[in-house]
Structure formats: C-alpha cells, structure tokens
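S.K.: Take a look at this one; I'll ask things after.
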Amino acid sequence: MGKESQLCIYNEFCGKGIVMEHDGSVYSCDHYVYPEYKLGNVLQTSRSRMVFSERQKAFGFAKFNALPQGCRQCNYLSACNGECPKNRLIRTPDGEIGLNYLCSGLGKFWQHIDRDVQDICRRIARGEPLRPS
C-alpha cells in the first residue's frame, strides 16, 4: 500500500481532505470546519484557487512543522506522523505542547505489529508468498 492510499491522519502533511458545506463554503479539512479554516466559497472563488492557495499549503505543512521534538525522534514517526493534529491535545513528558492523546496506545500498536510488518515487507521484496500455499 502506497503513501497515497493511507488514511489522511497518518500522512506526513494535511490538506487533501477539504470539505464543502451545503452553502458552498470550503474548509481546509473535515476535522476543521471552523471560521478560521474557511478557504472561501465556490460561489465566489474557484475550488482550485482555494485548494492550492498559500493558506491551504500552510495548513498542510503545519501538521509536520508543529510536531513536538519527541515525535520527531520516535521510531514510528513514519507510520503515524503524529496522527491528526485535531488530536494533539496534551503535553509531552518534557512539557512540550502538541502530543497526540492517542500516542501511548498507537505506540503500543506499532510496536506490537512491527516485527510482522517487517517480515511481510521482506517477503514482498523477495517475491515470496505471504501465506503458506
């Protein structure tokens, strides 16, 4: 499964999950349907202008740029990328703001599946079957 097909919450950057409301208002993400994340309205502005706007790009890059240092050093950063910024509600053990409240559980999950996932990747790379025939 390529990066383009993973859940948006695990992508490195945000911004591909825009939402349009019934009145034509377009927002940066379906988790951020608030006035400060409104990009415009399709009745006044083209969708492409809103989606590719500097404001939307900044929203997308903020996911990575706002990661706490502990996340940046985590063994599972490439798997979770801090998950959804909407869930970054707590402080790290060092007191830095922006830790995902699901981090502890996600870390345990990634650790639990790590060996099996690496084995599956090796088998795929060697062209071996994933299950016994």
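Numbering starts fresh at 1 for the residues of each chain in the structure tokens, the chains themselves are lettered A, B, ... in the order given, and ligands are numbered from 1 as they appear.
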Using only C-alpha atoms, what table do you get, as CSV, when you list each residue of stretch 48-111 of chain A with an atom no more than 9 Å from stretch 18-39 of chain A, its nearest pair of atoms, and their distance in Å rounded to one decimal, rows by chain then rising number?

M.R.:
residue,atom,partner,partner_atom,distance
A:Met50,CA,A:Leu39,CA,5.7
A:Val51,CA,A:Ile18,CA,7.7
A:Ser53,CA,A:Leu39,CA,8.4
A:Arg55,CA,A:Leu39,CA,7.7
A:Gln56,CA,A:Ser28,CA,6.3
A:Phe59,CA,A:Ser28,CA,7.2
A:Gly60,CA,A:Ser28,CA,8.5
A:Cys84,CA,A:His31,CA,8.8
A:Lys86,CA,A:His31,CA,6.9

S.K.: For the selection just defined, write its residues with C-alpha atoms to a file, as an mmCIF file, in the first residue's frame.

M.R.:
data_model
loop_
_atom_site.group_PDB
_atom_site.id
_atom_site.type_symbol
_atom_site.label_atom_id
_atom_site.label_comp_id
_atom_site.auth_asym_id
_atom_site.auth_seq_id
_atom_site.Cartn_x
_atom_site.Cartn_y
_atom_site.Cartn_z
ATOM 1 C CA MET A 50 -8.778 27.643 -2.647
ATOM 2 C CA VAL A 51 -7.220 24.176 -2.646
ATOM 3 C CA SER A 53 -3.832 28.630 -2.010
ATOM 4 C CA ARG A 55 -3.253 29.445 3.170
ATOM 5 C CA GLN A 56 -4.121 25.808 2.440
ATOM 6 C CA PHE A 59 -2.375 24.418 6.832
ATOM 7 C CA GLY A 60 -0.965 21.245 5.268
ATOM 8 C CA CYS A 84 -4.364 14.019 13.249
ATOM 9 C CA LYS A 86 -7.004 17.705 15.928
#

S.K.: Could you list, as a PyMOL selection string, every residue within 9 Å of stretch 76-80 of chain A, counting only C-alpha atoms and ignoring same-chain residues fewer than 3 positions away?

M.R.: chain A and resi 9-12+71-73+83-84+106-107+110-111

S.K.: Would you mind reading off the distance between atom CA of A:Glu96 and atom CA of A:Gln69, one decimal, in Å?

M.R.: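 Computed distance, atom CA of A:Glu96 to atom CA of A:Gln69, equals 8.0 Å.
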
S.K.: Considering only alpha helix (DSSP H) as DSSP defines it on the backbone, what residues of stretch 3-132 of chain A qualify? List them as a VMD selection string.

M.R.: chain A and resid 47 to 51 54 to 65 69 to 72 77 to 80 103 to 126

S.K.: Take the residues from that selection and put them in a file with C-alpha atoms, as a PDB file, in the first residue's frame.

M.R.:
ATOM      1  CA  ARG A  47     -12.085  25.361  -5.936  1.00  0.00           C
ATOM      2  CA  SER A  48      -8.590  25.151  -7.402  1.00  0.00           C
ATOM      3  CA  ARG A  49      -7.718  28.656  -6.148  1.00  0.00           C
ATOM      4  CA  MET A  50      -8.778  27.643  -2.647  1.00  0.00           C
ATOM      5  CA  VAL A  51      -7.220  24.176  -2.646  1.00  0.00           C
ATOM      6  CA  GLU A  54      -0.901  29.615   0.195  1.00  0.00           C
ATOM      7  CA  ARG A  55      -3.253  29.445   3.170  1.00  0.00           C
ATOM      8  CA  GLN A  56      -4.121  25.808   2.440  1.00  0.00           C
ATOM      9  CA  LYS A  57      -0.469  24.934   1.854  1.00  0.00           C
ATOM     10  CA  ALA A  58       0.396  26.459   5.228  1.00  0.00           C
ATOM     11  CA  PHE A  59      -2.375  24.418   6.832  1.00  0.00           C
ATOM     12  CA  GLY A  60      -0.965  21.245   5.268  1.00  0.00           C
ATOM     13  CA  PHE A  61       2.638  21.871   6.290  1.00  0.00           C
ATOM     14  CA  ALA A  62       1.632  22.877   9.822  1.00  0.00           C
ATOM     15  CA  LYS A  63       0.954  19.204  10.610  1.00  0.00           C
ATOM     16  CA  PHE A  64       4.643  18.388  10.322  1.00  0.00           C
ATOM     17  CA  ASN A  65       6.011  21.751  11.452  1.00  0.00           C
ATOM     18  CA  GLN A  69      10.542  17.020  19.276  1.00  0.00           C
ATOM     19  CA  GLY A  70       9.693  13.685  20.890  1.00  0.00           C
ATOM     20  CA  CYS A  71       7.531  12.778  17.899  1.00  0.00           C
ATOM     21  CA  ARG A  72      10.305  13.705  15.504  1.00  0.00           C
ATOM     22  CA  LEU A  77       7.127   8.608  13.083  1.00  0.00           C
ATOM     23  CA  SER A  78       6.943   7.336   9.509  1.00  0.00           C
ATOM     24  CA  ALA A  79       3.933   5.188  10.453  1.00  0.00           C
ATOM     25  CA  CYS A  80       1.860   7.746  12.341  1.00  0.00           C
ATOM     26  CA  CYS A 103       0.172   8.420  21.244  1.00  0.00           C
ATOM     27  CA  SER A 104       0.600   5.911  24.042  1.00  0.00           C
ATOM     28  CA  GLY A 105      -1.843   3.432  22.528  1.00  0.00           C
ATOM     29  CA  LEU A 106      -0.629   3.975  18.969  1.00  0.00           C
ATOM     30  CA  GLY A 107       2.959   3.400  20.081  1.00  0.00           C
ATOM     31  CA  LYS A 108       1.982   0.089  21.656  1.00  0.00           C
ATOM     32  CA  PHE A 109       0.127  -0.903  18.494  1.00  0.00           C
ATOM     33  CA  TRP A 110       3.040  -0.038  16.172  1.00  0.00           C
ATOM     34  CA  GLN A 111       5.447  -1.864  18.469  1.00  0.00           C
ATOM     35  CA  HIS A 112       3.176  -4.928  18.542  1.00  0.00           C
ATOM     36  CA  ILE A 113       2.941  -5.221  14.751  1.00  0.00           C
ATOM     37  CA  ASP A 114       6.458  -4.029  13.871  1.00  0.00           C
ATOM     38  CA  ARG A 115       8.181  -7.407  13.544  1.00  0.00           C
ATOM     39  CA  ASP A 116       5.359  -8.923  11.484  1.00  0.00           C
ATOM     40  CA  VAL A 117       5.156  -5.919   9.166  1.00  0.00           C
ATOM     41  CA  GLN A 118       8.909  -6.009   8.567  1.00  0.00           C
ATOM     42  CA  ASP A 119       8.644  -9.748   7.794  1.00  0.00           C
ATOM     43  CA  ILE A 120       5.823  -9.106   5.322  1.00  0.00           C
ATOM     44  CA  CYS A 121       7.846  -6.356   3.621  1.00  0.00           C
ATOM     45  CA  ARG A 122      10.870  -8.652   3.293  1.00  0.00           C
ATOM     46  CA  ARG A 123       8.715 -11.398   1.760  1.00  0.00           C
ATOM     47  CA  ILE A 124       7.191  -8.984  -0.720  1.00  0.00           C
ATOM     48  CA  ALA A 125      10.635  -7.657  -1.675  1.00  0.00           C
ATOM     49  CA  ARG A 126      11.853 -11.224  -2.311  1.00  0.00           C
TER      50      ARG A 126
END

S.K.: Please report the interatomic distance between atom CA of A:Pro85 and atom CA of A:Leu99 in Å with one decimal.

M.R.: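 Calculated distance between atom CA of A:Pro85 and atom CA of A:Leu99 is 8.8 Å.
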
S.K.: What gap, in Å, lies between atom CA of A:Gly82 and atom CA of A:Gln6?

M.R.: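 Straight-line distance from atom CA of A:Gly82 to atom CA of A:Gln6 works out to 14.1 Å.
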